[in-house]
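J.: Here it is: the structure, laid out below.
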Amino acid sequence: MSCREAQELLHGYADGELDLVRNLEMERHFRECPACASDYERLRRMREAMSGSVPYFQPPAGLERRLRSRLRAAAPAKRSIHWQWAAIAAALVLTVAGVWRVALMSRHPDSVEILAAEAVSSHVRSLMAAHLTDVPSSDRHTVKPWFSGKLDFSPTVGDFPSQGFTLAGGRLDYLDGRPVAALVYQRRQHVINLFVWPAPGRLNSETSTTDRQGYHVLHWTKAHMNYWAVSDLNGRELTEFAELVRKTG
Amino acid sequence: MAEKAELVEFEQAVLPHLSAAYNLARWLTGNDHDAEDVVQESYLRALKFFSGFRGGNSRPWLLTIVRNTCYTWLRRNRMDDQTEELDEEMHAIDSGSPNPEAVLLAAAHRDLVQRALEDLPAALREIVILREMEGMSYKEIADVTAVPIGTVMSRLARARARLQQLLAGANPAGARA
Ligand SMILES: [Zn+2]
């Protein structure tokens, strides 16, 4: 093993991340190379100093109790800390859920309406809670892998900076009774939420447009996936965005 | 809707990790009050997404949410560079490190180590916390921080190089020429 290799593997060795063969090679190299051995010794000493000096902060007394009571209060409606909004959203969601259960049986046209309402609610919530993204990144190679392990499908993540739609990140959300991918884009000051989840057995559809509570909602299916785009952006530009997404999806 | 049974299941899965959640939030926000707010918000978000949790180890799952909530919180409440993207190609660890004289003046070694860690950019600090305090594997850290394993390794190396530099500066006997 060369010094260069040993230096590259130094941290992996210290962290127990190497396989047995590499481990043995490292140990042999240390016996033969005082410079690398001393680098490892410095690293070991530094970590030892850290473990004795760096405080592990303990939660304040009562935090667990406060947490339990907040969770209990939040559980019936599964809503976060914005209480006023939570009450409204809870009422809406309960209504939606009730109707939705019936609508599911037949994929009644009303189900599209209900889903549009849910999508708009999620969009508004993402703005109000100021929790737009779980993975804030303009790099689709960061955003796409972030979803793996969190969802049972892998959304196609496009980025269209030259057309003026920039990726701001991704978020887990909940729509249509299941976890979905929310991809967040920005156009000037406007935020676009693009919700994506599987639509088994459904091929390509036309893009349909509705307006709700001042938001434009575009919806289509392509290659067995549902796409819902919600924004306060004007209809023409949102349609332009939808066309770009359709080309990549 | 989260029924009582789901809440009980949720509490059993994630409340045991309250210390880990608090410690991470405390290190990323830098103070007790903010850490508590972030932890509370994180648990409420975690409850909301619990149905998407597919079993397995709930600690990385929870810490992912805590970590993301921290950054959202920092962006919302502080207009500083906490959430700035790191330049992965930048290896000049000298830039931005504290004045060596100030480091030498630090009285207690313990304070020095703590401050050295506080002074790391958040993207390096979080990886040190997850590795050294939570004992997470590179793979788990990669999942929590949403970066490739290679990036975890290079960030860890950079973070440790900077910490070593600071400690060596304060401890001339241990410094190499
Ligand atoms: Zn060597």
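Residue numbering restarts at 1 for every chain of the structure tokens, chains are lettered A, B, ... in their displayed order, and ligands are numbered from 1 as they appear.
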Pick out the chain B residues within 8 Å of chain A. Count only C-alpha atoms. Give them as a PyMOL selection string.

T.: chain B and resi 1-4+7+15+18-19+22-23+26+36+40-41+43-45+47-49+51-54+65+68-69+72+76+109-111+113-114+132-133+137-138+143+146-147+153+156-157+160+163-164+167

J.: Any residue with an atom at most 9 Å from ligand 1 counts, using only C-alpha atoms and all ligand atoms. Which are they? Put them as a PDB file with all heavy atoms, in the first residue's frame.

T.:
ATOM      1  N   MET A   1       0.847  -1.207   0.000  1.00  0.00           N
ATOM      2  CA  MET A   1       0.000   0.000   0.000  1.00  0.00           C
ATOM      3  C   MET A   1       0.878   1.251   0.000  1.00  0.00           C
ATOM      4  O   MET A   1       1.846   1.332   0.753  1.00  0.00           O
ATOM      5  CB  MET A   1      -0.894  -0.028   1.243  1.00  0.00           C
ATOM      6  CG  MET A   1      -1.798   1.189   1.339  1.00  0.00           C
ATOM      7  SD  MET A   1      -2.896   1.126   2.771  1.00  0.00           S
ATOM      8  CE  MET A   1      -4.167   0.005   2.236  1.00  0.00           C
ATOM      9  N   SER A   2       0.501   2.205  -0.842  1.00  0.00           N
ATOM     10  CA  SER A   2       1.280   3.449  -0.904  1.00  0.00           C
ATOM     11  C   SER A   2       0.818   4.409   0.184  1.00  0.00           C
ATOM     12  O   SER A   2      -0.267   4.250   0.747  1.00  0.00           O
ATOM     13  CB  SER A   2       1.083   4.111  -2.264  1.00  0.00           C
ATOM     14  OG  SER A   2      -0.249   4.581  -2.355  1.00  0.00           O
ATOM     15  N   CYS A   3       1.647   5.421   0.482  1.00  0.00           N
ATOM     16  CA  CYS A   3       1.278   6.429   1.466  1.00  0.00           C
ATOM     17  C   CYS A   3       0.009   7.168   1.023  1.00  0.00           C
ATOM     18  O   CYS A   3      -0.829   7.516   1.837  1.00  0.00           O
ATOM     19  CB  CYS A   3       2.410   7.435   1.659  1.00  0.00           C
ATOM     20  SG  CYS A   3       3.760   6.756   2.635  1.00  0.00           S
ATOM     21  N   ARG A   4      -0.072   7.391  -0.269  1.00  0.00           N
ATOM     22  CA  ARG A   4      -1.244   8.100  -0.778  1.00  0.00           C
ATOM     23  C   ARG A   4      -2.531   7.319  -0.457  1.00  0.00           C
ATOM     24  O   ARG A   4      -3.500   7.882   0.052  1.00  0.00           O
ATOM     25  CB  ARG A   4      -1.086   8.274  -2.293  1.00  0.00           C
ATOM     26  CG  ARG A   4      -2.088   9.199  -2.902  1.00  0.00           C
ATOM     27  CD  ARG A   4      -2.060   9.094  -4.431  1.00  0.00           C
ATOM     28  NE  ARG A   4      -3.351   9.488  -4.952  1.00  0.00           N
ATOM     29  CZ  ARG A   4      -3.690  10.748  -5.199  1.00  0.00           C
ATOM     30  NH1 ARG A   4      -2.841  11.716  -4.966  1.00  0.00           N
ATOM     31  NH2 ARG A   4      -4.900  11.039  -5.657  1.00  0.00           N
ATOM     32  N   GLU A   5      -2.502   6.024  -0.732  1.00  0.00           N
ATOM     33  CA  GLU A   5      -3.665   5.189  -0.403  1.00  0.00           C
ATOM     34  C   GLU A   5      -3.945   5.191   1.096  1.00  0.00           C
ATOM     35  O   GLU A   5      -5.080   5.286   1.533  1.00  0.00           O
ATOM     36  CB  GLU A   5      -3.424   3.740  -0.856  1.00  0.00           C
ATOM     37  CG  GLU A   5      -3.706   3.466  -2.308  1.00  0.00           C
ATOM     38  CD  GLU A   5      -3.343   2.028  -2.655  1.00  0.00           C
ATOM     39  OE1 GLU A   5      -2.132   1.734  -2.766  1.00  0.00           O
ATOM     40  OE2 GLU A   5      -4.258   1.204  -2.766  1.00  0.00           O
ATOM     41  N   ALA A   6      -2.857   5.065   1.860  1.00  0.00           N
ATOM     42  CA  ALA A   6      -3.014   5.014   3.313  1.00  0.00           C
ATOM     43  C   ALA A   6      -3.646   6.301   3.831  1.00  0.00           C
ATOM     44  O   ALA A   6      -4.508   6.270   4.706  1.00  0.00           O
ATOM     45  CB  ALA A   6      -1.657   4.789   3.978  1.00  0.00           C
ATOM     46  N   GLN A   7      -3.237   7.429   3.253  1.00  0.00           N
ATOM     47  CA  GLN A   7      -3.807   8.706   3.681  1.00  0.00           C
ATOM     48  C   GLN A   7      -5.295   8.783   3.327  1.00  0.00           C
ATOM     49  O   GLN A   7      -6.103   9.290   4.104  1.00  0.00           O
ATOM     50  CB  GLN A   7      -3.056   9.881   3.025  1.00  0.00           C
ATOM     51  CG  GLN A   7      -1.627  10.069   3.544  1.00  0.00           C
ATOM     52  CD  GLN A   7      -1.599  10.538   4.999  1.00  0.00           C
ATOM     53  OE1 GLN A   7      -2.504  11.217   5.454  1.00  0.00           O
ATOM     54  NE2 GLN A   7      -0.565  10.146   5.726  1.00  0.00           N
ATOM     55  N   HIS A  29       1.053  -1.213   6.797  1.00  0.00           N
ATOM     56  CA  HIS A  29       1.658   0.045   6.360  1.00  0.00           C
ATOM     57  C   HIS A  29       2.136   0.877   7.562  1.00  0.00           C
ATOM     58  O   HIS A  29       3.211   1.464   7.528  1.00  0.00           O
ATOM     59  CB  HIS A  29       0.687   0.853   5.508  1.00  0.00           C
ATOM     60  CG  HIS A  29       1.302   2.095   4.923  1.00  0.00           C
ATOM     61  ND1 HIS A  29       2.066   2.068   3.773  1.00  0.00           N
ATOM     62  CD2 HIS A  29       1.324   3.372   5.371  1.00  0.00           C
ATOM     63  CE1 HIS A  29       2.503   3.297   3.522  1.00  0.00           C
ATOM     64  NE2 HIS A  29       2.065   4.111   4.470  1.00  0.00           N
ATOM     65  N   PHE A  30       1.349   0.900   8.612  1.00  0.00           N
ATOM     66  CA  PHE A  30       1.747   1.672   9.795  1.00  0.00           C
ATOM     67  C   PHE A  30       3.055   1.139  10.389  1.00  0.00           C
ATOM     68  O   PHE A  30       3.879   1.902  10.879  1.00  0.00           O
ATOM     69  CB  PHE A  30       0.654   1.639  10.877  1.00  0.00           C
ATOM     70  CG  PHE A  30      -0.573   2.427  10.505  1.00  0.00           C
ATOM     71  CD1 PHE A  30      -1.823   2.059  10.996  1.00  0.00           C
ATOM     72  CD2 PHE A  30      -0.493   3.539   9.676  1.00  0.00           C
ATOM     73  CE1 PHE A  30      -2.960   2.779  10.666  1.00  0.00           C
ATOM     74  CE2 PHE A  30      -1.625   4.269   9.338  1.00  0.00           C
ATOM     75  CZ  PHE A  30      -2.864   3.880   9.832  1.00  0.00           C
ATOM     76  N   GLU A  32       5.398  -0.156   8.747  1.00  0.00           N
ATOM     77  CA  GLU A  32       6.524   0.134   7.857  1.00  0.00           C
ATOM     78  C   GLU A  32       6.745   1.622   7.643  1.00  0.00           C
ATOM     79  O   GLU A  32       7.800   2.035   7.162  1.00  0.00           O
ATOM     80  CB  GLU A  32       6.267  -0.525   6.487  1.00  0.00           C
ATOM     81  CG  GLU A  32       6.321  -2.040   6.549  1.00  0.00           C
ATOM     82  CD  GLU A  32       5.660  -2.682   5.330  1.00  0.00           C
ATOM     83  OE1 GLU A  32       5.147  -1.942   4.467  1.00  0.00           O
ATOM     84  OE2 GLU A  32       5.647  -3.937   5.277  1.00  0.00           O
ATOM     85  N   CYS A  33       5.743   2.442   7.968  1.00  0.00           N
ATOM     86  CA  CYS A  33       5.816   3.865   7.606  1.00  0.00           C
ATOM     87  C   CYS A  33       5.550   4.740   8.820  1.00  0.00           C
ATOM     88  O   CYS A  33       4.397   4.940   9.200  1.00  0.00           O
ATOM     89  CB  CYS A  33       4.812   4.168   6.493  1.00  0.00           C
ATOM     90  SG  CYS A  33       4.685   5.917   6.123  1.00  0.00           S
ATOM     91  N   PRO A  34       6.590   5.268   9.439  1.00  0.00           N
ATOM     92  CA  PRO A  34       6.406   6.083  10.640  1.00  0.00           C
ATOM     93  C   PRO A  34       5.579   7.351  10.388  1.00  0.00           C
ATOM     94  O   PRO A  34       4.849   7.793  11.279  1.00  0.00           O
ATOM     95  CB  PRO A  34       7.841   6.468  11.042  1.00  0.00           C
ATOM     96  CG  PRO A  34       8.737   5.552  10.288  1.00  0.00           C
ATOM     97  CD  PRO A  34       8.002   5.110   9.065  1.00  0.00           C
ATOM     98  N   ALA A  35       5.677   7.914   9.198  1.00  0.00           N
ATOM     99  CA  ALA A  35       4.941   9.157   8.921  1.00  0.00           C
ATOM    100  C   ALA A  35       3.428   8.920   8.977  1.00  0.00           C
ATOM    101  O   ALA A  35       2.695   9.646   9.666  1.00  0.00           O
ATOM    102  CB  ALA A  35       5.342   9.709   7.557  1.00  0.00           C
ATOM    103  N   CYS A  36       2.968   7.892   8.277  1.00  0.00           N
ATOM    104  CA  CYS A  36       1.532   7.593   8.290  1.00  0.00           C
ATOM    105  C   CYS A  36       1.091   7.127   9.682  1.00  0.00           C
ATOM    106  O   CYS A  36       0.004   7.472  10.142  1.00  0.00           O
ATOM    107  CB  CYS A  36       1.175   6.542   7.244  1.00  0.00           C
ATOM    108  SG  CYS A  36       1.222   7.181   5.553  1.00  0.00           S
ATOM    109  N   ALA A  37       1.952   6.352  10.332  1.00  0.00           N
ATOM    110  CA  ALA A  37       1.624   5.883  11.680  1.00  0.00           C
ATOM    111  C   ALA A  37       1.443   7.075  12.619  1.00  0.00           C
ATOM    112  O   ALA A  37       0.541   7.093  13.456  1.00  0.00           O
ATOM    113  CB  ALA A  37       2.710   4.952  12.200  1.00  0.00           C
ATOM    114  N   ASP A  39       0.582  10.134  11.699  1.00  0.00           N
ATOM    115  CA  ASP A  39      -0.665  10.820  11.338  1.00  0.00           C
ATOM    116  C   ASP A  39      -1.855  10.132  11.988  1.00  0.00           C
ATOM    117  O   ASP A  39      -2.775  10.783  12.488  1.00  0.00           O
ATOM    118  CB  ASP A  39      -0.862  10.804   9.813  1.00  0.00           C
ATOM    119  CG  ASP A  39      -0.013  11.877   9.148  1.00  0.00           C
ATOM    120  OD1 ASP A  39       0.507  12.748   9.881  1.00  0.00           O
ATOM    121  OD2 ASP A  39       0.134  11.835   7.913  1.00  0.00           O
TER     122      ASP A  39
END

J.: Can you tell me how far atom CA of Asn226 of chain A sits from atom CA of Ala46 of chain B, in Å to one decimal?

T.: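 Going from atom CA of Asn226 of chain A over to atom CA of Ala46 of chain B covers 24.8 Å.
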
J.: Enumerate as an MDAnalysis selection string all residues of segment 3-242 of chain A assigned to strand (DSSP E or B) by DSSP on the backbone, naming them with the chain letters and numbers the document uses.

T.: chainID A and resid 135:136 148 151 160 165:175 178:187 190:198 208:212 215:222 225:231

J.: What separation in Å, quoted to one decimal, exists between atom CA of Arg246 of chain A and atom CA of Arg212 of chain A?

T.: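 Going from atom CA of Arg246 of chain A over to atom CA of Arg212 of chain A covers 22.4 Å.
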
J.: List the spatial neighbours of segment 201-203 of chain A as a list in words - criterion: any atom at most 6 Å away, only C-alpha atoms, same-chain residues fewer than 3 positions off excluded.

T.: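 Result of the neighbour search: Lys222, Ala223 and His224 of chain A.
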
J.: Can you write just those residues out, N, CA and C atoms, as a compact mmCIF listing (two decimals), in the first residue's frame?

T.:
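Wrote result_14.txt, looks like this:
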# COMPACT_ATOMS: atom_id res chain seq x y z
N LYS A 222 -48.38 10.62 -16.49
CA LYS A 222 -47.47 10.22 -17.57
C LYS A 222 -46.69 9.01 -17.10
N ALA A 223 -46.66 7.99 -17.92
CA ALA A 223 -45.89 6.78 -17.63
C ALA A 223 -46.18 6.27 -16.21
N HIS A 224 -47.46 6.11 -15.90
CA HIS A 224 -47.89 5.55 -14.61
C HIS A 224 -47.52 6.40 -13.41
